[in-house]
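Colleague: Just passing along the structure, written as structure tokens.
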Amino acid sequence: MVDLFIWLFSFFILVALLIILVYQLICLADLEFDYINPYDSSSRINKVVLPEFILEGFLCFFYLLTGHWVMSLLCAPYLYYNVRLVCFGVVFPNFDVISYTRKQHLVDVTEIFNLLHWEKKKRLFKLTYVVVLL
């Protein structure tokens, strides 16, 4: 009975991650088709980036605590990517500066059009990864 509640809880967390990622993709698609301006799009995306990272970290830690080692190992690459993105700026970092204060994990208003294709690819890859975890 406890396993049922554990899997239900993790299912709802994964659904919340899916909703956050789809919301980010919708904001990027709206920006691409000029339904929304870059400032609004980046501010909407930036509001949900940190909750996405926290939910994923909590889910991986939750799997570790409950003894679901395989699911924890499946969550580890996504968590590793997010930690590297927050702590070192990019996935291929320069290790001398912790860039959380530089906000490298957020979408930049001035660069959003130049990086729109890359940002959509990142979100689509994350979305696919979370769907596989379901």
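Just so we're on the same page: first chain in the structure tokens is A, next is B, and so on; residues restart at 1 for each chain, and ligands are numbered from 1 in the order they show up.
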Show me, as a ChimeraX atom specification, the residues that have an atom within 10 Å of region 121-129 of chain A when counting only C-alpha atoms, minus same-chain residues fewer than 4 positions from it.

Modeller: /A:17-25,28,74-75,77-78,115-117,133-134

Colleague: Generate the output file for the selected residues, N, CA and C atoms, as a PDB file, in the first residue's frame.

Modeller:
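Dumped to part-v7.pdb:
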```
ATOM      1  N   LEU A  17       6.014  18.413 -13.588  1.00  0.00           N
ATOM      2  CA  LEU A  17       7.156  18.729 -14.454  1.00  0.00           C
ATOM      3  C   LEU A  17       6.738  18.828 -15.915  1.00  0.00           C
ATOM      4  N   LEU A  18       5.869  17.928 -16.346  1.00  0.00           N
ATOM      5  CA  LEU A  18       5.359  17.987 -17.721  1.00  0.00           C
ATOM      6  C   LEU A  18       4.617  19.296 -17.983  1.00  0.00           C
ATOM      7  N   ILE A  19       3.797  19.694 -17.047  1.00  0.00           N
ATOM      8  CA  ILE A  19       3.033  20.941 -17.204  1.00  0.00           C
ATOM      9  C   ILE A  19       3.973  22.139 -17.301  1.00  0.00           C
ATOM     10  N   ILE A  20       5.003  22.156 -16.465  1.00  0.00           N
ATOM     11  CA  ILE A  20       5.966  23.263 -16.494  1.00  0.00           C
ATOM     12  C   ILE A  20       6.699  23.306 -17.829  1.00  0.00           C
ATOM     13  N   LEU A  21       7.121  22.157 -18.323  1.00  0.00           N
ATOM     14  CA  LEU A  21       7.851  22.123 -19.595  1.00  0.00           C
ATOM     15  C   LEU A  21       6.962  22.487 -20.782  1.00  0.00           C
ATOM     16  N   VAL A  22       5.732  22.028 -20.778  1.00  0.00           N
ATOM     17  CA  VAL A  22       4.805  22.390 -21.849  1.00  0.00           C
ATOM     18  C   VAL A  22       4.513  23.896 -21.806  1.00  0.00           C
ATOM     19  N   TYR A  23       4.386  24.447 -20.617  1.00  0.00           N
ATOM     20  CA  TYR A  23       4.169  25.894 -20.478  1.00  0.00           C
ATOM     21  C   TYR A  23       5.344  26.674 -21.073  1.00  0.00           C
ATOM     22  N   GLN A  24       6.565  26.220 -20.802  1.00  0.00           N
ATOM     23  CA  GLN A  24       7.728  26.895 -21.360  1.00  0.00           C
ATOM     24  C   GLN A  24       7.753  26.780 -22.882  1.00  0.00           C
ATOM     25  N   LEU A  25       7.398  25.615 -23.406  1.00  0.00           N
ATOM     26  CA  LEU A  25       7.350  25.449 -24.857  1.00  0.00           C
ATOM     27  C   LEU A  25       6.273  26.317 -25.499  1.00  0.00           C
ATOM     28  N   LEU A  28       7.605  29.817 -25.696  1.00  0.00           N
ATOM     29  CA  LEU A  28       8.577  29.947 -26.792  1.00  0.00           C
ATOM     30  C   LEU A  28       7.888  29.921 -28.152  1.00  0.00           C
ATOM     31  N   LEU A  74      17.666   6.827 -13.159  1.00  0.00           N
ATOM     32  CA  LEU A  74      17.095   7.403 -14.379  1.00  0.00           C
ATOM     33  C   LEU A  74      16.913   8.915 -14.259  1.00  0.00           C
ATOM     34  N   CYS A  75      16.674   9.399 -13.056  1.00  0.00           N
ATOM     35  CA  CYS A  75      16.517  10.842 -12.834  1.00  0.00           C
ATOM     36  C   CYS A  75      17.857  11.572 -12.747  1.00  0.00           C
ATOM     37  N   PRO A  77      20.703  11.854 -14.665  1.00  0.00           N
ATOM     38  CA  PRO A  77      21.254  12.697 -15.733  1.00  0.00           C
ATOM     39  C   PRO A  77      20.547  14.049 -15.871  1.00  0.00           C
ATOM     40  N   TYR A  78      19.243  14.048 -15.727  1.00  0.00           N
ATOM     41  CA  TYR A  78      18.480  15.309 -15.806  1.00  0.00           C
ATOM     42  C   TYR A  78      18.856  16.224 -14.646  1.00  0.00           C
ATOM     43  N   LEU A 115      18.658  32.609 -29.562  1.00  0.00           N
ATOM     44  CA  LEU A 115      18.730  31.282 -28.965  1.00  0.00           C
ATOM     45  C   LEU A 115      17.394  30.554 -28.945  1.00  0.00           C
ATOM     46  N   LEU A 116      16.423  31.043 -29.690  1.00  0.00           N
ATOM     47  CA  LEU A 116      15.077  30.469 -29.647  1.00  0.00           C
ATOM     48  C   LEU A 116      15.072  28.999 -30.067  1.00  0.00           C
ATOM     49  N   HIS A 117      15.759  28.687 -31.135  1.00  0.00           N
ATOM     50  CA  HIS A 117      15.794  27.301 -31.611  1.00  0.00           C
ATOM     51  C   HIS A 117      16.468  26.390 -30.569  1.00  0.00           C
ATOM     52  N   LEU A 133      10.285   8.891 -18.281  1.00  0.00           N
ATOM     53  CA  LEU A 133      10.236   8.561 -16.852  1.00  0.00           C
ATOM     54  C   LEU A 133       8.831   8.163 -16.392  1.00  0.00           C
ATOM     55  N   LEU A 134       7.811   8.682 -17.090  1.00  0.00           N
ATOM     56  CA  LEU A 134       6.444   8.315 -16.720  1.00  0.00           C
ATOM     57  C   LEU A 134       6.232   6.839 -17.013  1.00  0.00           C
TER      58      LEU A 134
END
```

Colleague: Report as a list in words all protein, DNA and RNA residues lying within 10 Å of Ala76 (chain A), evaluated on only C-alpha atoms, omitting residues in the same chain fewer than 6 positions from it.

Modeller: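 After dropping sequence-adjacent residues, the list is Glu56, Gly57, Leu59, Cys60, Phe61, Val70 and Asn82 of chain A.
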
Colleague: Write the residues of the preceding selection, restricted to N, CA and C atoms, as a PDB file, in the first residue's frame.

Modeller:
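Everything below was put into result_37.pdb:
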```
ATOM      1  N   GLU A  56      12.564  18.548  -9.840  1.00  0.00           N
ATOM      2  CA  GLU A  56      13.375  17.427 -10.317  1.00  0.00           C
ATOM      3  C   GLU A  56      14.346  16.953  -9.242  1.00  0.00           C
ATOM      4  N   GLY A  57      14.966  17.890  -8.545  1.00  0.00           N
ATOM      5  CA  GLY A  57      15.861  17.510  -7.455  1.00  0.00           C
ATOM      6  C   GLY A  57      15.129  16.790  -6.339  1.00  0.00           C
ATOM      7  N   LEU A  59      12.367  15.060  -6.654  1.00  0.00           N
ATOM      8  CA  LEU A  59      11.955  13.747  -7.141  1.00  0.00           C
ATOM      9  C   LEU A  59      13.102  12.741  -7.072  1.00  0.00           C
ATOM     10  N   CYS A  60      14.285  13.150  -7.480  1.00  0.00           N
ATOM     11  CA  CYS A  60      15.448  12.265  -7.425  1.00  0.00           C
ATOM     12  C   CYS A  60      15.781  11.908  -5.977  1.00  0.00           C
ATOM     13  N   PHE A  61      15.738  12.878  -5.093  1.00  0.00           N
ATOM     14  CA  PHE A  61      15.995  12.642  -3.672  1.00  0.00           C
ATOM     15  C   PHE A  61      14.905  11.756  -3.065  1.00  0.00           C
ATOM     16  N   VAL A  70      16.567   2.324  -9.270  1.00  0.00           N
ATOM     17  CA  VAL A  70      16.574   2.420 -10.729  1.00  0.00           C
ATOM     18  C   VAL A  70      15.966   3.754 -11.175  1.00  0.00           C
ATOM     19  N   ASN A  82      20.778  19.938 -14.798  1.00  0.00           N
ATOM     20  CA  ASN A  82      20.263  21.140 -14.150  1.00  0.00           C
ATOM     21  C   ASN A  82      21.263  21.721 -13.162  1.00  0.00           C
TER      22      ASN A  82
END
```

Colleague: Would you mind writing down, as a ChimeraX atom specification, each residue of chain A that DSSP on the backbone assigns to alpha helix (DSSP H)?

Modeller: /A:2-32,38-66,69-88,116-133

Colleague: Just give me the gap between CA of Ile112 (chain A) and CA of Pro38 (chain A) in Å, one decimal is fine.

Modeller: 6.9 Å

Colleague: Could you check how far CA of Leu106 (chain A) sits from CA of Val49 (chain A), in Å to one decimal?

Modeller: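 For CA of Leu106 (chain A) relative to CA of Val49 (chain A), the distance reads 7.1 Å.
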
Colleague: Residues within 9 Å of region 1-6 of chain A, please, as a ChimeraX atom specification. Count only C-alpha atoms; anything in the same chain fewer than 5 positions from it doesn't count.

Modeller: /A:11,62-63,66

Colleague: Keeping only C-alpha atoms, write those residues as a PDB file, in the first residue's frame.

Modeller:
```
ATOM      1  CA  PHE A  11       3.448  10.408 -10.813  1.00  0.00           C
ATOM      2  CA  PHE A  62      12.544  11.142  -3.013  1.00  0.00           C
ATOM      3  CA  TYR A  63      13.419   8.076  -5.078  1.00  0.00           C
ATOM      4  CA  THR A  66      12.191   5.404  -0.749  1.00  0.00           C
TER       5      THR A  66
END
```

Colleague: Find the spatial neighbours of Val109 (chain A), counting only C-alpha atoms, within a cut-off of 9 Å - ignore same-chain residues fewer than 6 positions away - and output them as a ChimeraX atom specification.

Modeller: /A:38-43
